[in-house]
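Raw contents of start-v7.cif, mmCIF, C-alpha atoms:
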```cif
data_model
loop_
_atom_site.group_PDB
_atom_site.id
_atom_site.type_symbol
_atom_site.label_atom_id
_atom_site.label_comp_id
_atom_site.auth_asym_id
_atom_site.auth_seq_id
_atom_site.Cartn_x
_atom_site.Cartn_y
_atom_site.Cartn_z
ATOM 1 C CA MET D 316 102.430 165.838 185.960
ATOM 2 C CA ASP D 317 101.124 162.375 186.796
ATOM 3 C CA GLU D 318 103.743 159.885 187.885
ATOM 4 C CA LEU D 319 103.897 156.763 185.697
ATOM 5 C CA PRO D 320 105.091 153.769 187.739
ATOM 6 C CA GLY D 321 108.275 152.338 186.234
ATOM 7 C CA SER D 322 109.455 155.532 184.550
ATOM 8 C CA LEU D 323 112.751 157.147 185.507
ATOM 9 C CA GLY D 324 113.005 158.319 189.104
ATOM 10 C CA THR D 325 110.260 156.191 190.674
ATOM 11 C CA SER D 326 110.701 153.366 193.158
ATOM 12 C CA ALA D 327 109.291 150.859 190.627
ATOM 13 C CA SER D 328 112.048 151.908 188.234
ATOM 14 C CA LEU D 329 114.588 151.429 191.021
ATOM 15 C CA SER D 330 113.391 147.828 191.510
ATOM 16 C CA LEU D 331 113.548 147.182 187.746
ATOM 17 C CA ARG D 332 117.137 148.479 187.609
ATOM 18 C CA LEU D 333 118.209 146.443 190.636
ATOM 19 C CA GLY D 334 116.616 143.352 189.055
ATOM 20 C CA GLN D 335 118.526 143.968 185.817
ATOM 21 C CA THR D 336 121.798 144.361 187.687
ATOM 22 C CA ILE D 337 121.262 141.181 189.717
ATOM 23 C CA PHE D 338 120.144 138.997 186.815
ATOM 24 C CA SER D 339 122.846 140.174 184.433
ATOM 25 C CA SER D 340 125.535 139.688 187.102
ATOM 26 C CA ALA D 341 124.187 136.194 187.787
ATOM 27 C CA SER D 342 124.230 135.415 184.063
ATOM 28 C CA LEU D 343 127.825 136.629 183.761
ATOM 29 C CA LEU D 344 128.956 134.650 186.811
ATOM 30 C CA PHE D 345 127.234 131.413 185.810
ATOM 31 C CA MET D 346 128.805 131.677 182.356
ATOM 32 C CA SER D 347 132.307 132.726 183.231
ATOM 33 C CA LEU D 348 133.317 131.229 186.602
ATOM 34 C CA GLY D 349 135.316 128.080 186.002
ATOM 35 C CA VAL D 350 133.784 127.334 182.631
ATOM 36 C CA GLU D 351 135.594 127.547 179.306
ATOM 37 C CA PHE D 352 133.099 129.939 177.788
ATOM 38 C CA TYR D 353 135.471 131.336 175.182
ATOM 39 C CA SER D 354 135.261 128.199 173.053
ATOM 40 C CA TYR D 355 131.945 129.308 171.507
ATOM 41 C CA THR D 356 131.213 132.654 169.872
ATOM 42 C CA ALA D 357 127.711 132.862 171.326
ATOM 43 C CA PHE D 358 128.999 132.491 174.894
ATOM 44 C CA CYS D 359 131.647 135.188 174.401
ATOM 45 C CA TYR D 360 128.936 137.439 172.984
ATOM 46 C CA LEU D 361 126.736 136.833 176.054
ATOM 47 C CA VAL D 362 129.602 137.710 178.388
ATOM 48 C CA THR D 363 130.334 140.909 176.416
ATOM 49 C CA VAL D 364 126.698 142.037 176.438
ATOM 50 C CA MET D 365 126.260 141.308 180.148
ATOM 51 C CA GLY D 366 129.444 143.271 180.774
ATOM 52 C CA LEU D 367 127.725 146.238 179.112
ATOM 53 C CA VAL D 368 124.355 145.790 180.855
ATOM 54 C CA ILE D 369 125.746 145.633 184.403
ATOM 55 C CA PRO D 370 127.370 149.124 184.548
ATOM 56 C CA TRP D 371 124.450 150.718 182.638
ATOM 57 C CA SER D 372 121.784 149.286 184.976
ATOM 58 C CA PHE D 373 123.836 149.940 188.081
ATOM 59 C CA THR D 374 124.378 153.605 187.165
ATOM 60 C CA LEU D 375 120.686 154.117 186.478
ATOM 61 C CA ALA D 376 119.811 152.347 189.742
ATOM 62 C CA LEU D 377 121.956 154.917 191.552
ATOM 63 C CA VAL D 378 120.194 157.763 189.680
ATOM 64 C CA ASP D 379 116.792 156.305 190.578
ATOM 65 C CA GLY D 380 117.772 155.806 194.192
ATOM 66 C CA TYR D 381 118.906 159.431 194.402
ATOM 67 C CA SER D 382 115.696 160.665 192.718
ATOM 68 C CA VAL D 383 113.531 158.663 195.113
ATOM 69 C CA LEU D 384 115.429 160.018 198.119
ATOM 70 C CA VAL D 385 115.263 163.695 197.108
ATOM 71 C CA LYS D 386 111.751 163.248 195.587
ATOM 72 C CA CYS D 387 112.758 165.092 192.428
ATOM 73 C CA PRO D 388 112.600 162.855 189.306
ATOM 74 C CA VAL D 389 114.610 163.771 186.193
ATOM 75 C CA ARG D 390 112.270 165.138 183.524
ATOM 76 C CA GLN D 391 114.529 166.519 180.778
ATOM 77 C CA PRO D 392 113.352 165.061 177.411
ATOM 78 C CA GLY D 393 116.950 164.881 176.139
ATOM 79 C CA ILE D 394 118.212 162.746 179.019
ATOM 80 C CA LEU D 395 115.107 160.558 178.908
ATOM 81 C CA LEU D 396 115.572 159.993 175.158
ATOM 82 C CA ILE D 397 119.182 158.871 175.671
ATOM 83 C CA ILE D 398 118.055 156.470 178.420
ATOM 84 C CA VAL D 399 115.232 155.077 176.267
ATOM 85 C CA ILE D 400 117.582 154.492 173.316
ATOM 86 C CA GLY D 401 120.261 152.962 175.565
ATOM 87 C CA ASP D 402 117.772 150.608 177.206
ATOM 88 C CA TRP D 403 116.379 149.740 173.805
ATOM 89 C CA VAL D 404 119.745 148.826 172.302
ATOM 90 C CA LEU D 405 120.840 146.872 175.379
ATOM 91 C CA SER D 406 117.569 144.949 175.561
ATOM 92 C CA ILE D 407 117.898 143.952 171.879
ATOM 93 C CA LEU D 408 121.494 142.854 172.479
ATOM 94 C CA SER D 409 120.483 140.881 175.606
ATOM 95 C CA LEU D 410 117.676 139.112 173.782
ATOM 96 C CA ALA D 411 120.006 138.260 170.903
ATOM 97 C CA ALA D 412 122.670 136.943 173.302
ATOM 98 C CA ALA D 413 120.168 134.905 175.320
ATOM 99 C CA CYS D 414 118.653 133.302 172.207
ATOM 100 C CA ALA D 415 122.030 132.568 170.671
ATOM 101 C CA THR D 416 123.243 130.956 173.899
ATOM 102 C CA ALA D 417 120.057 128.939 174.361
ATOM 103 C CA SER D 418 120.138 127.583 170.806
ATOM 104 C CA VAL D 419 123.827 126.684 171.060
ATOM 105 C CA ILE D 420 123.201 124.794 174.330
ATOM 106 C CA ASN D 421 120.289 122.988 172.726
ATOM 107 C CA LEU D 422 122.453 121.984 169.775
ATOM 108 C CA LEU D 423 125.357 120.881 172.008
ATOM 109 C CA LEU D 424 122.989 118.663 174.002
ATOM 110 C CA ASP D 425 121.743 117.109 170.756
ATOM 111 C CA VAL D 426 125.056 116.535 169.039
ATOM 112 C CA ASP D 427 127.194 114.830 171.623
ATOM 113 C CA ASP D 428 127.637 114.570 175.383
ATOM 114 C CA SER D 429 131.371 115.159 175.098
ATOM 115 C CA TYR D 430 130.864 118.767 173.967
ATOM 116 C CA CYS D 431 128.802 119.602 177.001
ATOM 117 C CA PRO D 432 129.283 117.731 180.297
ATOM 118 C CA PRO D 433 126.060 117.762 182.376
ATOM 119 C CA LYS D 434 127.564 119.879 185.155
ATOM 120 C CA PHE D 435 128.609 122.648 182.742
ATOM 121 C CA CYS D 436 125.459 122.459 180.659
ATOM 122 C CA THR D 437 123.249 123.216 183.653
ATOM 123 C CA ARG D 438 125.308 126.314 184.357
ATOM 124 C CA TYR D 439 125.069 127.418 180.718
ATOM 125 C CA GLN D 440 121.306 126.947 180.850
ATOM 126 C CA LEU D 441 121.006 128.947 184.070
ATOM 127 C CA SER D 442 123.093 131.678 182.489
ATOM 128 C CA ALA D 443 120.793 131.835 179.444
ATOM 129 C CA ALA D 444 117.713 131.931 181.696
ATOM 130 C CA MET D 445 119.163 134.831 183.704
ATOM 131 C CA ALA D 446 119.931 136.665 180.460
ATOM 132 C CA PHE D 447 116.283 136.258 179.380
ATOM 133 C CA LEU D 448 115.074 137.709 182.704
ATOM 134 C CA SER D 449 117.503 140.604 182.353
ATOM 135 C CA TRP D 450 116.208 141.251 178.820
ATOM 136 C CA PHE D 451 112.611 141.258 180.046
ATOM 137 C CA LEU D 452 113.331 143.878 182.729
ATOM 138 C CA SER D 453 115.357 146.067 180.312
ATOM 139 C CA ALA D 454 112.546 145.987 177.763
ATOM 140 C CA SER D 455 110.012 146.941 180.462
ATOM 141 C CA SER D 456 112.130 149.907 181.577
ATOM 142 C CA SER D 457 112.501 151.050 178.002
ATOM 143 C CA LEU D 458 108.754 150.818 177.337
ATOM 144 C CA PHE D 459 107.760 152.707 180.505
ATOM 145 C CA ASN D 460 110.167 155.538 179.699
ATOM 146 C CA LEU D 461 109.135 155.602 176.034
ATOM 147 C CA TRP D 462 105.499 155.894 177.119
ATOM 148 C CA LEU D 463 106.379 158.928 179.273
ATOM 149 C CA LEU D 464 108.439 160.630 176.554
ATOM 150 C CA PRO D 465 105.690 162.154 174.306
ATOM 151 C CA SER D 466 104.000 163.779 177.325
ATOM 152 C CA LEU D 467 107.090 165.869 178.174
ATOM 153 C CA MET F 1279 96.051 165.676 163.205
ATOM 154 C CA ASP F 1280 99.540 165.632 161.756
ATOM 155 C CA GLU F 1281 100.383 162.527 159.784
ATOM 156 C CA LEU F 1282 103.391 160.612 161.151
ATOM 157 C CA PRO F 1283 105.210 158.833 158.305
ATOM 158 C CA GLY F 1284 105.310 155.100 158.961
ATOM 159 C CA SER F 1285 102.211 154.932 161.153
ATOM 160 C CA LEU F 1286 99.195 152.865 160.150
ATOM 161 C CA GLY F 1287 97.502 153.953 156.913
ATOM 162 C CA THR F 1288 100.367 155.893 155.311
ATOM 163 C CA SER F 1289 102.301 154.958 152.200
ATOM 164 C CA ALA F 1290 105.522 154.616 154.241
ATOM 165 C CA SER F 1291 103.745 152.032 156.374
ATOM 166 C CA LEU F 1292 102.637 150.238 153.196
ATOM 167 C CA SER F 1293 106.277 149.990 152.067
ATOM 168 C CA LEU F 1294 107.344 148.707 155.504
ATOM 169 C CA ARG F 1295 104.641 146.021 155.414
ATOM 170 C CA LEU F 1296 105.521 144.963 151.867
ATOM 171 C CA GLY F 1297 109.187 144.775 152.884
ATOM 172 C CA GLN F 1298 108.301 142.568 155.868
ATOM 173 C CA THR F 1299 106.231 140.255 153.680
ATOM 174 C CA ILE F 1300 108.968 139.943 151.050
ATOM 175 C CA PHE F 1301 111.842 139.393 153.499
ATOM 176 C CA SER F 1302 109.964 136.899 155.667
ATOM 177 C CA SER F 1303 108.822 134.938 152.585
ATOM 178 C CA ALA F 1304 112.408 134.912 151.300
ATOM 179 C CA SER F 1305 113.634 133.677 154.676
ATOM 180 C CA LEU F 1306 111.026 130.906 154.726
ATOM 181 C CA LEU F 1307 111.820 129.830 151.163
ATOM 182 C CA PHE F 1308 115.619 129.835 151.618
ATOM 183 C CA MET F 1309 115.208 127.742 154.769
ATOM 184 C CA SER F 1310 112.601 125.251 153.631
ATOM 185 C CA LEU F 1311 113.014 124.573 149.902
ATOM 186 C CA GLY F 1312 115.017 121.394 149.401
ATOM 187 C CA VAL F 1313 116.843 121.659 152.734
ATOM 188 C CA GLU F 1314 116.364 119.346 155.695
ATOM 189 C CA PHE F 1315 115.548 122.142 158.093
ATOM 190 C CA TYR F 1316 113.659 119.957 160.563
ATOM 191 C CA SER F 1317 116.879 118.417 161.900
ATOM 192 C CA TYR F 1318 117.570 121.440 164.145
ATOM 193 C CA THR F 1319 115.163 123.035 166.617
ATOM 194 C CA ALA F 1320 116.296 126.580 165.796
ATOM 195 C CA PHE F 1321 115.524 126.118 162.095
ATOM 196 C CA CYS F 1322 112.034 124.718 162.806
ATOM 197 C CA TYR F 1323 111.433 127.692 165.081
ATOM 198 C CA LEU F 1324 112.490 130.113 162.333
ATOM 199 C CA VAL F 1325 110.097 128.481 159.869
ATOM 200 C CA THR F 1326 107.233 128.645 162.416
ATOM 201 C CA VAL F 1327 107.828 132.320 163.199
ATOM 202 C CA MET F 1328 108.114 133.292 159.542
ATOM 203 C CA GLY F 1329 104.867 131.401 158.914
ATOM 204 C CA LEU F 1330 103.234 133.730 161.459
ATOM 205 C CA VAL F 1331 104.859 136.948 160.201
ATOM 206 C CA ILE F 1332 103.863 136.480 156.547
ATOM 207 C CA PRO F 1333 100.031 136.473 156.992
ATOM 208 C CA TRP F 1334 100.183 139.248 159.631
ATOM 209 C CA SER F 1335 102.275 141.585 157.451
ATOM 210 C CA PHE F 1336 100.318 140.753 154.310
ATOM 211 C CA THR F 1337 96.962 141.527 155.980
ATOM 212 C CA LEU F 1338 98.250 144.848 157.311
ATOM 213 C CA ALA F 1339 99.731 145.666 153.896
ATOM 214 C CA LEU F 1340 96.221 145.226 152.436
ATOM 215 C CA VAL F 1341 94.750 147.483 155.164
ATOM 216 C CA ASP F 1342 97.413 150.127 154.461
ATOM 217 C CA GLY F 1343 96.869 149.913 150.717
ATOM 218 C CA TYR F 1344 93.136 150.402 151.207
ATOM 219 C CA SER F 1345 93.705 153.344 153.602
ATOM 220 C CA VAL F 1346 96.059 155.028 151.134
ATOM 221 C CA LEU F 1347 93.564 154.573 148.286
ATOM 222 C CA VAL F 1348 90.511 155.953 150.131
ATOM 223 C CA LYS F 1349 92.679 158.516 152.024
ATOM 224 C CA CYS F 1350 91.084 157.626 155.343
ATOM 225 C CA PRO F 1351 93.607 156.160 157.841
ATOM 226 C CA VAL F 1352 92.408 154.020 160.759
ATOM 227 C CA ARG F 1353 92.605 156.037 164.002
ATOM 228 C CA GLN F 1354 90.817 153.920 166.641
ATOM 229 C CA PRO F 1355 93.139 153.568 169.674
ATOM 230 C CA GLY F 1356 91.903 150.002 170.327
ATOM 231 C CA ILE F 1357 92.811 148.732 166.859
ATOM 232 C CA LEU F 1358 96.127 150.573 166.917
ATOM 233 C CA LEU F 1359 96.969 149.050 170.313
ATOM 234 C CA ILE F 1360 96.306 145.528 169.011
ATOM 235 C CA ILE F 1361 98.523 146.219 165.988
ATOM 236 C CA VAL F 1362 101.337 147.654 168.147
ATOM 237 C CA ILE F 1363 101.248 144.625 170.481
ATOM 238 C CA GLY F 1364 101.095 142.174 167.570
ATOM 239 C CA ASP F 1365 104.036 143.837 165.817
ATOM 240 C CA TRP F 1366 105.932 143.921 169.079
ATOM 241 C CA VAL F 1367 105.473 140.219 169.812
ATOM 242 C CA LEU F 1368 106.265 139.191 166.240
ATOM 243 C CA SER F 1369 109.381 141.367 166.095
ATOM 244 C CA ILE F 1370 110.676 139.809 169.336
ATOM 245 C CA LEU F 1371 109.983 136.321 167.977
ATOM 246 C CA SER F 1372 111.695 137.174 164.652
ATOM 247 C CA LEU F 1373 114.771 138.518 166.410
ATOM 248 C CA ALA F 1374 114.941 135.431 168.623
ATOM 249 C CA ALA F 1375 114.583 133.116 165.618
ATOM 250 C CA ALA F 1376 117.175 135.002 163.575
ATOM 251 C CA CYS F 1377 119.732 134.976 166.407
ATOM 252 C CA ALA F 1378 119.139 131.327 167.202
ATOM 253 C CA THR F 1379 119.551 130.376 163.536
ATOM 254 C CA ALA F 1380 122.660 132.502 163.093
ATOM 255 C CA SER F 1381 124.361 131.052 166.168
ATOM 256 C CA VAL F 1382 123.512 127.479 165.165
ATOM 257 C CA ILE F 1383 124.974 128.062 161.673
ATOM 258 C CA ASN F 1384 128.074 129.558 163.219
ATOM 259 C CA LEU F 1385 128.482 126.540 165.496
ATOM 260 C CA LEU F 1386 127.864 124.051 162.666
ATOM 261 C CA LEU F 1387 130.553 125.736 160.568
ATOM 262 C CA ASP F 1388 132.969 125.479 163.502
ATOM 263 C CA VAL F 1389 132.300 121.910 164.533
ATOM 264 C CA ASP F 1390 132.495 119.933 161.342
ATOM 265 C CA ASP F 1391 131.974 120.326 157.610
ATOM 266 C CA SER F 1392 129.864 117.198 157.451
ATOM 267 C CA TYR F 1393 127.050 118.812 159.466
ATOM 268 C CA CYS F 1394 126.721 121.682 157.054
ATOM 269 C CA PRO F 1395 127.672 121.271 153.375
ATOM 270 C CA PRO F 1396 128.743 124.653 151.871
ATOM 271 C CA LYS F 1397 125.782 124.790 149.479
ATOM 272 C CA PHE F 1398 123.240 124.407 152.297
ATOM 273 C CA CYS F 1399 125.096 126.641 154.727
ATOM 274 C CA THR F 1400 124.947 129.604 152.346
ATOM 275 C CA ARG F 1401 121.196 129.162 152.103
ATOM 276 C CA TYR F 1402 120.859 128.960 155.891
ATOM 277 C CA GLN F 1403 122.911 132.155 156.219
ATOM 278 C CA LEU F 1404 120.788 133.969 153.632
ATOM 279 C CA SER F 1405 117.688 132.827 155.490
ATOM 280 C CA ALA F 1406 119.007 134.208 158.788
ATOM 281 C CA ALA F 1407 119.937 137.512 157.102
ATOM 282 C CA MET F 1408 116.431 137.850 155.641
ATOM 283 C CA ALA F 1409 114.951 137.135 159.088
ATOM 284 C CA PHE F 1410 117.080 139.943 160.567
ATOM 285 C CA LEU F 1411 115.820 142.374 157.896
ATOM 286 C CA SER F 1412 112.239 141.300 158.552
ATOM 287 C CA TRP F 1413 112.768 141.864 162.302
ATOM 288 C CA PHE F 1414 114.147 145.344 161.656
ATOM 289 C CA LEU F 1415 111.121 146.384 159.592
ATOM 290 C CA SER F 1416 108.654 144.903 162.134
ATOM 291 C CA ALA F 1417 110.330 146.755 164.967
ATOM 292 C CA SER F 1418 110.192 150.018 162.969
ATOM 293 C CA SER F 1419 106.464 149.590 162.297
ATOM 294 C CA SER F 1420 105.835 148.868 165.948
ATOM 295 C CA LEU F 1421 107.779 151.942 167.088
ATOM 296 C CA PHE F 1422 106.077 154.316 164.644
ATOM 297 C CA ASN F 1423 102.630 153.137 165.731
ATOM 298 C CA LEU F 1424 103.562 153.222 169.413
ATOM 299 C CA TRP F 1425 104.736 156.803 168.982
ATOM 300 C CA LEU F 1426 101.352 157.750 167.501
ATOM 301 C CA LEU F 1427 99.350 155.981 170.233
ATOM 302 C CA PRO F 1428 99.562 158.486 173.145
ATOM 303 C CA SER F 1429 98.398 161.352 170.876
ATOM 304 C CA LEU F 1430 95.074 159.641 170.069
#
```
Any chance you could put this one into structure tokens?
Amino acid sequence: MDELPGSLGTSASLSLRLGQTIFSSASLLFMSLGVEFYSYTAFCYLVTVMGLVIPWSFTLALVDGYSVLVKCPVRQPGILLIIVIGDWVLSILSLAAACATASVINLLLDVDDSYCPPKFCTRYQLSAAMAFLSWFLSASSSLFNLWLLPSL
Amino acid sequence: MDELPGSLGTSASLSLRLGQTIFSSASLLFMSLGVEFYSYTAFCYLVTVMGLVIPWSFTLALVDGYSVLVKCPVRQPGILLIIVIGDWVLSILSLAAACATASVINLLLDVDDSYCPPKFCTRYQLSAAMAFLSWFLSASSSLFNLWLLPSL
């Protein structure tokens, strides 16, 4: 079977998973450390979603790392289907959270400075940007694995 | 070749396309008729995206209708790839617009009644709901066609 770069068990997939873990952790940290994120629904939603993405990506990074080391990628259609669906759902949730956060920040900047002091707003914006990057990597993983699925 | 329901040129695909056209038109109308939508970036973005989705879905609905009538579905991989990518991009944009609109409405309801009179807010909410439905149908179309692609 030809090896598709980015599908489960390759080193490209390992980099994608590590990227997801790093960006989603950064998004969570920028949003939650020392900032009163729970005052807006969209920010709470972002924190919840990132809290789901981090363990998922980290676990799959471990699986990929193990597969790369023993040179024996997982090729059961059932497992791959679960991973594709999981990635799919999480990437949709990440995109939704990132967009919701970005539009709320935009609105807060418009309405009044008192809602969003410059120091906090920059951190919110960084958090939204990290969430977008995490979404992009999740969607790529999902697409690569989906592409592999019919050939199994 | 077995016919996958929902892929290009089937009657299921025709219904999906008609649903997309109807929901995106409804979203555009609820948002734009008699409401000052241009005061918020997220609402302008929703109107722009829906203005892209309507002609795309309507054209593909015509193609599907023609294919169903002459019983000769399009099966060129190149055309199918363009349609999958177009659906994909538009579904991501629709989801982003719907989430941004929904979070802005939510924030406006929280902050102050004067920003969002009840009559207008209901229309904004309906518009966001229609955009979510339109996203769901676009994503389904994209997935069905993507599933067909490797077998061509």
Identify all residues satisfying the PyMOL selection byres ((chain D) within 9 of (chain F)) in the given file; provide them as a ChimeraX atom specification.
/D:355-357,407,410-419,421-422,425,461-462,465-466
Could you state which residues are captured by the PyMOL selection byres ((chain D and resi 386-391) around 12) in this file, as an MDAnalysis selection string?
chainID D and resid 316:326 328:329 375 378:385 392:398 460 463:467
Could you dump the residues just selected with C-alpha atoms as a tab-separated table (two decimals), keeping the file's coordinate frame?
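Just written: out.tsv:
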```
chain	number	residue	atom	x	y	z
D	316	MET	CA	102.43	165.84	185.96
D	317	ASP	CA	101.12	162.38	186.80
D	318	GLU	CA	103.74	159.88	187.88
D	319	LEU	CA	103.90	156.76	185.70
D	320	PRO	CA	105.09	153.77	187.74
D	321	GLY	CA	108.28	152.34	186.23
D	322	SER	CA	109.46	155.53	184.55
D	323	LEU	CA	112.75	157.15	185.51
D	324	GLY	CA	113.00	158.32	189.10
D	325	THR	CA	110.26	156.19	190.67
D	326	SER	CA	110.70	153.37	193.16
D	328	SER	CA	112.05	151.91	188.23
D	329	LEU	CA	114.59	151.43	191.02
D	375	LEU	CA	120.69	154.12	186.48
D	378	VAL	CA	120.19	157.76	189.68
D	379	ASP	CA	116.79	156.30	190.58
D	380	GLY	CA	117.77	155.81	194.19
D	381	TYR	CA	118.91	159.43	194.40
D	382	SER	CA	115.70	160.66	192.72
D	383	VAL	CA	113.53	158.66	195.11
D	384	LEU	CA	115.43	160.02	198.12
D	385	VAL	CA	115.26	163.70	197.11
D	392	PRO	CA	113.35	165.06	177.41
D	393	GLY	CA	116.95	164.88	176.14
D	394	ILE	CA	118.21	162.75	179.02
D	395	LEU	CA	115.11	160.56	178.91
D	396	LEU	CA	115.57	159.99	175.16
D	397	ILE	CA	119.18	158.87	175.67
D	398	ILE	CA	118.06	156.47	178.42
D	460	ASN	CA	110.17	155.54	179.70
D	463	LEU	CA	106.38	158.93	179.27
D	464	LEU	CA	108.44	160.63	176.55
D	465	PRO	CA	105.69	162.15	174.31
D	466	SER	CA	104.00	163.78	177.32
D	467	LEU	CA	107.09	165.87	178.17
```
Which residue gives the smallest distance to F:Glu1314 among F:Leu1415, F:Ala1407, F:Arg1401, F:Asp1365, with only C-alpha atoms counted?
F:Arg1401
Evaluating the PyMOL selection byres ((chain D and resi 350) around 12) on the displayed file yields which residues, as a PyMOL selection string?
chain D and resi 343-349+351-355+358-359+362+431-432+434-439+442
State, in Å with one decimal place, the distance from atom CA of D:Pro370 to atom CA of D:Gln440.
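Distance reported for this atom pair: 23.3 Å.
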So what do you get for atom CA of D:Ile369 versus atom CA of F:Phe1410, distance-wise?
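Going from atom CA of D:Ile369 over to atom CA of F:Phe1410 covers 26.0 Å.
The space between atom CA of D:Leu367 and atom CA of F:Ser1412 spans 26.2 Å.
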Find the residue from D:Met365, D:Pro433, D:Val426, D:Ala327 that sits nearest to D:Ser340; use all atoms listed in the file when measuring.
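Using all atoms listed in the file, the shortest distance to D:Ser340 belongs to D:Met365.
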For F:Leu1411, find every residue with an atom within 9 Å (counting all atoms listed in the file), except residues of its own chain fewer than 3 positions away, and show them as a short mmCIF file (atom, residue, chain, number, x, y, z; two decimals) with C-alpha atoms, in the frame of the given file.
```cif
data_model
loop_
_atom_site.label_atom_id
_atom_site.label_comp_id
_atom_site.auth_asym_id
_atom_site.auth_seq_id
_atom_site.Cartn_x
_atom_site.Cartn_y
_atom_site.Cartn_z
CA GLY F 1297 109.19 144.78 152.88
CA GLN F 1298 108.30 142.57 155.87
CA PHE F 1301 111.84 139.39 153.50
CA SER F 1302 109.96 136.90 155.67
CA ALA F 1406 119.01 134.21 158.79
CA ALA F 1407 119.94 137.51 157.10
CA MET F 1408 116.43 137.85 155.64
CA PHE F 1414 114.15 145.34 161.66
CA LEU F 1415 111.12 146.38 159.59
CA SER F 1416 108.65 144.90 162.13
#
```
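Counting all atoms listed in the file and comparing D:Ala446, D:Val404, D:Ser409, D:Ser455, the residue that lies closest to D:Ala341 is D:Ala446.
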Residue rebuild result stretch 1323-1335 of chain F, N, CA, C and O atoms as a PDB file, in the frame of the given file:
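The resulting file, out_12.pdb, is reproduced below:
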```
ATOM      1  N   TYR F1323     111.987 126.508 164.427  1.00  0.00           N
ATOM      2  CA  TYR F1323     111.433 127.692 165.081  1.00  0.00           C
ATOM      3  C   TYR F1323     111.385 128.864 164.102  1.00  0.00           C
ATOM      4  O   TYR F1323     110.381 129.580 164.022  1.00  0.00           O
ATOM      5  N   LEU F1324     112.466 129.032 163.327  1.00  0.00           N
ATOM      6  CA  LEU F1324     112.490 130.113 162.333  1.00  0.00           C
ATOM      7  C   LEU F1324     111.353 129.952 161.338  1.00  0.00           C
ATOM      8  O   LEU F1324     110.642 130.918 161.018  1.00  0.00           O
ATOM      9  N   VAL F1325     111.153 128.720 160.856  1.00  0.00           N
ATOM     10  CA  VAL F1325     110.097 128.481 159.869  1.00  0.00           C
ATOM     11  C   VAL F1325     108.730 128.785 160.480  1.00  0.00           C
ATOM     12  O   VAL F1325     107.878 129.429 159.851  1.00  0.00           O
ATOM     13  N   THR F1326     108.519 128.380 161.751  1.00  0.00           N
ATOM     14  CA  THR F1326     107.233 128.645 162.416  1.00  0.00           C
ATOM     15  C   THR F1326     106.980 130.146 162.524  1.00  0.00           C
ATOM     16  O   THR F1326     105.896 130.640 162.199  1.00  0.00           O
ATOM     17  N   VAL F1327     108.008 130.880 162.992  1.00  0.00           N
ATOM     18  CA  VAL F1327     107.828 132.320 163.199  1.00  0.00           C
ATOM     19  C   VAL F1327     107.565 133.020 161.874  1.00  0.00           C
ATOM     20  O   VAL F1327     106.672 133.869 161.770  1.00  0.00           O
ATOM     21  N   MET F1328     108.319 132.642 160.836  1.00  0.00           N
ATOM     22  CA  MET F1328     108.114 133.292 159.542  1.00  0.00           C
ATOM     23  C   MET F1328     106.714 132.962 158.994  1.00  0.00           C
ATOM     24  O   MET F1328     106.088 133.789 158.349  1.00  0.00           O
ATOM     25  N   GLY F1329     106.229 131.761 159.299  1.00  0.00           N
ATOM     26  CA  GLY F1329     104.867 131.401 158.914  1.00  0.00           C
ATOM     27  C   GLY F1329     103.812 132.231 159.625  1.00  0.00           C
ATOM     28  O   GLY F1329     102.684 132.350 159.146  1.00  0.00           O
ATOM     29  N   LEU F1330     104.158 132.817 160.778  1.00  0.00           N
ATOM     30  CA  LEU F1330     103.234 133.730 161.459  1.00  0.00           C
ATOM     31  C   LEU F1330     103.368 135.154 160.924  1.00  0.00           C
ATOM     32  O   LEU F1330     102.375 135.884 160.814  1.00  0.00           O
ATOM     33  N   VAL F1331     104.625 135.556 160.614  1.00  0.00           N
ATOM     34  CA  VAL F1331     104.859 136.948 160.201  1.00  0.00           C
ATOM     35  C   VAL F1331     104.236 137.217 158.836  1.00  0.00           C
ATOM     36  O   VAL F1331     103.666 138.286 158.610  1.00  0.00           O
ATOM     37  N   ILE F1332     104.327 136.230 157.919  1.00  0.00           N
ATOM     38  CA  ILE F1332     103.863 136.480 156.547  1.00  0.00           C
ATOM     39  C   ILE F1332     102.372 136.858 156.505  1.00  0.00           C
ATOM     40  O   ILE F1332     102.034 137.912 155.970  1.00  0.00           O
ATOM     41  N   PRO F1333     101.439 136.054 157.084  1.00  0.00           N
ATOM     42  CA  PRO F1333     100.031 136.473 156.992  1.00  0.00           C
ATOM     43  C   PRO F1333      99.742 137.778 157.720  1.00  0.00           C
ATOM     44  O   PRO F1333      98.957 138.599 157.227  1.00  0.00           O
ATOM     45  N   TRP F1334     100.392 137.999 158.875  1.00  0.00           N
ATOM     46  CA  TRP F1334     100.183 139.248 159.631  1.00  0.00           C
ATOM     47  C   TRP F1334     100.582 140.463 158.795  1.00  0.00           C
ATOM     48  O   TRP F1334      99.812 141.421 158.647  1.00  0.00           O
ATOM     49  N   SER F1335     101.800 140.437 158.221  1.00  0.00           N
ATOM     50  CA  SER F1335     102.275 141.585 157.451  1.00  0.00           C
ATOM     51  C   SER F1335     101.447 141.771 156.187  1.00  0.00           C
ATOM     52  O   SER F1335     101.147 142.899 155.788  1.00  0.00           O
TER      53      SER F1335
END
```
